[in-house]
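All remarks here apply to the structure that follows.
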Amino acid sequence: MRKIYFRTIKVTALLLAVNYSNISFAQLNLNNLSNLNVGEVHGNFQADAQYYIPDSTIGADPAPEKMLMNGFANIIYTKGKFSAGIRYESYLNARQGFDSRYQGNGIPYRYATYKADELEVTVGNFYQQFGNGFILRSYEDRGLGFDNALDGIRLKYEPVKGIYLTGFTGKQRSFMTQGPGIVRGFDGEIQMNETFKKFADKKLILTLGGSFVSRYQKDEDQTLVLPENVGASAGRFKISRNNFSINGEYATKINDPNAANNYVYKAGEAIFLAANYAKKGFAVSLSASRTDNMNFRSDRTASVNNLLINYTPALNKQHTYNLLSFYPYASQPNGEFQFSSEVNWKIIKRSEHKLDITFNYSGSNDLDTMRLNPSTDSTLQGYKASSYFMGEKVLLRDCYFEVNQKFGKKFKMSVIYAYQEYNNKFLKGASDAGSVTIYSHIAVVDMTYKIKPSRAIRVELQHLATKQDKQNWAYALVEYTINSNWFVAVLDQYNYGNTHKDGNGNYDKRTHYYNVSAGYNKNANRITLSYGKQRAGIFCVGGICRQVPASNGITLSITSSF
Amino acid sequence: MKKIIIGLFALSIFTNTAKAQNTEGRALPSADLKTVEGKTVNSSKFTNDGKPIIISFWATWCKPCKKELDAISENFEEWQKETGVKLIAISIDDSRSSGKVGTDAKSHGWDYEIYIDQNQDFKRAMNVNNVPHTFIINGKGEIVWQHNSYAEGDEDHLYEALKKIAKE
């Protein structure tokens with residue numbers, strides 16, 4: 001007994017000693033080290049923990065671990081032209097809805113960068129995008145569990161003002177490991193007005209760019225002769241003059257038989273064009289794209305969101321209200337024709353009665369293609385385009401109208417109506433006759449009332465009406481901002497129109513998905529605690545989607561920047 | 001017992017690091033951003049002739065971000081008169097919506113400098129987790145204040161902080 005006490009005292013003394021040295025270090029750091037210029041350490045931190053409660057009514061499965069937690073911290077050191085950083089990540093185990101290949105702890109991201117004025121060298125991990133991303137985008141979205149960072153060497157060089165060159169070689173991240181392929185790329189961009197004195201004061205602003213990316217992966221296939229090096233190239237431009245601007249990009253990829261395109265040898269192609277007009281208080285934007293066989297990965301056998309080298313942007317409006325994004329669209333790199341148009345108009349500018357409207361119409365179709373007869377298709381092209389325009393199959397239509405109005409200093413309101421047509425069969429593989437194509441009418445009312453300068457109440461009412469899939473939904477949210485630090489919110493999403501019946505003739509799927517949450521915010525720290533049910537579905541942010549299972553439980557989230 | 005001691009130890013380390021987490025004196029990190037017209041600008045070159053700068057991270061799809069920028073916009077002339085501030089709005093829109101950044105900002109009538117952080121290099125360098133995230137840079141180019149998220153009335157707190165920083 002006594003021995004244990006002694007040991008405890010010893011340990012305490014040791015820890016205190018370490019701790020005090022730590023305090024003095026912290027003070028030293030603040031007061032002296034900044035003068036000595038040994039550099040600075042900064043970073044951020046996020047942790048999300050969920051305690052799972054099984055719920056058979058919504059199909060929420062129990063988690064054998066009961067509690068799952070994902071977290072990460074970025075720590076960046078900078079001193080003058082040098083910077084280095086790491087990201088520690090922890091998945092114990094990955095939360096439901098994240099790929100289970102995210103498992104354990106590690107430092108999958110570390111880098112060092114040196115930037116002299118015109119030259120920048122990075123070794124280790126980096127994220128890079130060329131143009132709009134049609135042939136290269138390595139990117140992260142931690143909330144969605146997406147990360148295809150490159151690991152290798154990257155050089156950026158600006159030989160003349162206005163000319164930007166980037167070259168790299170690396171391997172891509174695949175969860176806690178790396179993919180088998182090697183990715184190499186080069187990009188050049190010239191900003192004409194900066195490079196040429198002649199153009200310097202011209203109203204016309206012109207930027208041109210071109211890029212090339214190639215992937216090497218050994219061919220180990222027994223039956224097919226697969227190209228080991230697959231190259232993709234792209235060219236782009238952007239022109240603006242006064243209130244107008246136009247930009248476009250064209251990309252091609254040589255034959256690249258892979259799991260995602262069913263091993264066809266057809267070359268890939270993508271074209272994108274956008275035009276904008278904007279003056280103070282009024283704007284119009286139009287865009288269209290055609291994508292054909294542009295699935296490009298650093299492992300030709302990879303699927304879903306794993307080891308993607310490129311990115312084909314979806315052009316439809318990005319919705320954040322729950323029922324507006326109930327049927328989310330993800331771009332179809334194998335083939336799609338998209339268009340989008342939007343008008344923004346601020347009708348009343350006086351701040352107390354401000355009124356603005358937004359109208360958006362966007363959609364997507366398949367391509368006008370013809371399947372080739374396998375007996376005559378000796379080069380395994382798979383299909384060919386019958387015309388350059390859209391096919392007959394509608395994948396998405398979204399017609400959206402939004403009005404924002406302020407009523408005096410205290411009250412403001414948004415009203416939205418949208419009509420959506422969603423090809424559930426093509427996009428999610430639905431086979432059930434009642435949900436092949438979903439036609440839905442969605443209405444949203446969002447009201448904010450300011451009680452005091454820092455106290456406000458916000459009410460969101462949403463309704464989705466459809467005869468397909470799970471029929472009608474209603475949604476209500478009340479959010480109370482107590483002061484600039486604290487908030488509480490309650491929401492319920494109710495599938496009141498579900499006509500599914502059990503054996504006794506009772507409606508058994510009219511489920512409530514309720515959620516209660518409270519949060520604390522101060523400076524760059526945020527803590528939220530919530531309890532409730534989450535419906536199963538696809539959640540998309542920033543063009544990346546993931547399937548989330550139904551769940552029920554308590555969630556704690558902490559984010560901090562320092 | 002041992003667990004408690006270790007727990008307290010961990011806690012005190014945390015509070016210590018919290019003390020060290022003062023952002024005072026930190027210079028703006030370097031990252032390449034794009035103007036709406038397509039020109040390249042490096043974040044380390046942001047200046048405002050010795051007067052403060054507000055840097056606000058936003059996105060066209062982020063409603064609270066736009067609410068914050070709208071709320072600031074209503075009194076921005078007064079803020080400028082009082083402190084000489086300039087506001088730099090950094091959009092984290094990707095190529096899905098980056099084409100709409102300029103049109104969106106103009107139709108809102110914002111008098112801000114707008115840049116696009118298309119692959120989030122500046123967001124990473126500034127350790128931003130989520131948008132909106134707002135910083136104040138003092139006249140010496142140092143990050144001295146930051147705040148994550150937007151609630152009604154937060155613009156008043158931002159203005160209070162700004163006035164204090166402008167006087168220093």
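Just remember, in the structure tokens the first chain shown is A, the second B, etc., residues are 1-based per chain, and ligands are 1-based in the order shown.
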
What are the closest atom pairs, with distances in Å to one decimal, for all residues of chain A lying within 6 Å of chain B? Consider only C-alpha atoms, order rows by chain and residue number, and present the result as a Markdown table.
```
| residue | atom | partner | partner_atom | distance |
| --- | --- | --- | --- | --- |
| A:Ile23 | CA | B:Asn16 | CA | 6.0 |
| A:Ala26 | CA | B:Ala20 | CA | 5.5 |
| A:Gly43 | CA | B:Asn127 | CA | 5.5 |
| A:Asn44 | CA | B:Asn127 | CA | 5.4 |
| A:Asn132 | CA | B:Ser95 | CA | 5.3 |
| A:Ala278 | CA | B:Thr103 | CA | 5.1 |
| A:Lys279 | CA | B:Lys106 | CA | 6.0 |
| A:Lys280 | CA | B:Lys106 | CA | 5.0 |
| A:Gly281 | CA | B:Ser107 | CA | 3.9 |
| A:Phe282 | CA | B:Ser107 | CA | 4.7 |
| A:Ala283 | CA | B:Thr103 | CA | 5.4 |
| A:Pro313 | CA | B:Arg96 | CA | 4.8 |
| A:Ala314 | CA | B:Arg96 | CA | 5.8 |
| A:Leu315 | CA | B:Arg96 | CA | 5.8 |
| A:Pro453 | CA | B:Gly153 | CA | 5.2 |
| A:Ser454 | CA | B:Gly153 | CA | 4.4 |
| A:Asn523 | CA | B:His147 | CA | 4.2 |
| A:Ala524 | CA | B:His147 | CA | 4.8 |
| A:Ser561 | CA | B:Asn127 | CA | 5.9 |
| A:Phe562 | CA | B:Gln21 | CA | 5.3 |
```

ask   = Near A:Val183, counting only C-alpha atoms, which residues have an atom at most 6 Å away, once you skip same-chain residues fewer than 6 positions from it, shown as JSON, numbers by chain?
value = {"A": [169, 170, 171, 214, 215]}

Quick one: residues within 9 Å of stretch 68-85 of chain A, only C-alpha atoms counted, chain neighbours fewer than 5 positions away excluded, as an mmCIF file with C-alpha atoms, in the first residue's frame?
```cif
data_model
loop_
_atom_site.group_PDB
_atom_site.id
_atom_site.type_symbol
_atom_site.label_atom_id
_atom_site.label_comp_id
_atom_site.auth_asym_id
_atom_site.auth_seq_id
_atom_site.Cartn_x
_atom_site.Cartn_y
_atom_site.Cartn_z
ATOM 1 C CA ASN A 37 12.230 34.584 -34.453
ATOM 2 C CA VAL A 38 12.324 30.812 -34.223
ATOM 3 C CA GLY A 39 9.108 30.612 -36.203
ATOM 4 C CA GLU A 40 5.496 30.052 -35.339
ATOM 5 C CA VAL A 41 3.286 27.034 -34.739
ATOM 6 C CA HIS A 42 -0.382 27.102 -35.625
ATOM 7 C CA GLY A 43 -3.055 24.638 -36.454
ATOM 8 C CA ASN A 44 -6.573 23.439 -36.048
ATOM 9 C CA PHE A 45 -8.380 20.563 -34.444
ATOM 10 C CA GLN A 46 -11.650 18.774 -34.954
ATOM 11 C CA ALA A 47 -13.221 15.799 -33.199
ATOM 12 C CA ASP A 48 -16.625 14.207 -33.736
ATOM 13 C CA ALA A 49 -17.813 11.488 -31.406
ATOM 14 C CA GLN A 50 -21.103 9.662 -31.651
ATOM 15 C CA TYR A 51 -22.756 7.338 -29.159
ATOM 16 C CA TYR A 52 -25.071 5.019 -31.081
ATOM 17 C CA ALA A 63 -22.448 -0.115 -33.418
ATOM 18 C CA SER A 90 -7.633 9.232 -35.636
ATOM 19 C CA TYR A 91 -10.491 6.880 -36.540
ATOM 20 C CA LEU A 92 -11.401 4.739 -33.522
ATOM 21 C CA ASN A 93 -13.294 3.436 -35.348
ATOM 22 C CA ALA A 94 -14.582 5.384 -38.325
ATOM 23 C CA ARG A 95 -18.058 6.774 -37.720
ATOM 24 C CA GLN A 96 -20.946 5.111 -39.532
ATOM 25 C CA TYR A 109 -0.296 14.006 -44.249
ATOM 26 C CA ARG A 110 3.057 15.738 -43.784
ATOM 27 C CA TYR A 111 4.901 18.210 -45.942
ATOM 28 C CA ALA A 112 7.632 20.798 -46.127
ATOM 29 C CA THR A 113 7.562 23.821 -48.432
ATOM 30 C CA TYR A 114 10.141 26.419 -49.268
ATOM 31 C CA LYS A 115 9.058 29.479 -51.162
ATOM 32 C CA ALA A 116 11.580 31.864 -52.614
ATOM 33 C CA ASP A 117 9.904 34.676 -54.537
ATOM 34 C CA ARG A 142 -12.739 15.950 -44.026
ATOM 35 C CA PRO B 29 0.689 32.929 -44.608
ATOM 36 C CA SER B 30 1.446 32.686 -48.298
ATOM 37 C CA ARG B 124 -5.615 25.309 -44.997
ATOM 38 C CA ALA B 125 -2.809 27.789 -44.312
ATOM 39 C CA ASN B 127 -6.376 26.741 -40.284
#
```

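In this structure, atom CA of A:Val213 sits 11.0 Å away from atom CA of A:Ser298.
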
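Proximity to B:Leu33 was assessed for B:Phe46, B:Gly139, B:Gln80, B:Val85 counting only C-alpha atoms; the smallest distance is recorded for B:Phe46.
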
Exercise: stretch 474-481 of chain A partners within 6 Å, only C-alpha atoms, chain neighbours under 6 positions left out, as a PyMOL selection string = chain A and resi 455-463+487-494

Filtering to C-alpha atoms, could you give me those residues as a CSV table (one decimal), in the first residue's frame?
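This is the output file again-v2.csv:
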```csv
chain,number,residue,atom,x,y,z
A,455,ARG,CA,-30.4,37.5,-29.6
A,456,ALA,CA,-32.4,36.0,-32.4
A,457,ILE,CA,-34.9,33.3,-33.2
A,458,ARG,CA,-35.0,31.6,-36.6
A,459,VAL,CA,-37.7,29.3,-37.9
A,460,GLU,CA,-37.4,27.1,-40.9
A,461,LEU,CA,-40.4,25.4,-42.4
A,462,GLN,CA,-40.0,23.0,-45.4
A,463,HIS,CA,-42.3,20.8,-47.3
A,487,PHE,CA,-27.4,28.6,-29.4
A,488,VAL,CA,-30.0,25.9,-29.1
A,489,ALA,CA,-32.0,24.3,-31.9
A,490,VAL,CA,-34.8,21.7,-32.3
A,491,LEU,CA,-35.8,20.1,-35.6
A,492,ASP,CA,-38.2,17.5,-36.8
A,493,GLN,CA,-38.3,15.9,-40.2
A,494,TYR,CA,-41.6,13.9,-40.6
```

query = Tell me, which residues of stretch 10-157 of chain A carry DSSP strand (DSSP E or B), written as a VMD selection string?
reply = chain A and resid 40 to 52 55 60 67 to 79 82 to 92 104 to 115 119 to 126 129 137 140 to 141 146 to 147 150 to 157

task = Write out as number ranges by chain all residues of chain B that backbone DSSP assigns to alpha helix (DSSP H).
result = B: 2-20, 63-74, 76-83, 101-108, 121-125, 154-167

query = Rounded to one decimal in Å, what is the spacing between atom CA of A:Lys161 and atom CA of A:Gly188?
reply = 12.9 Å
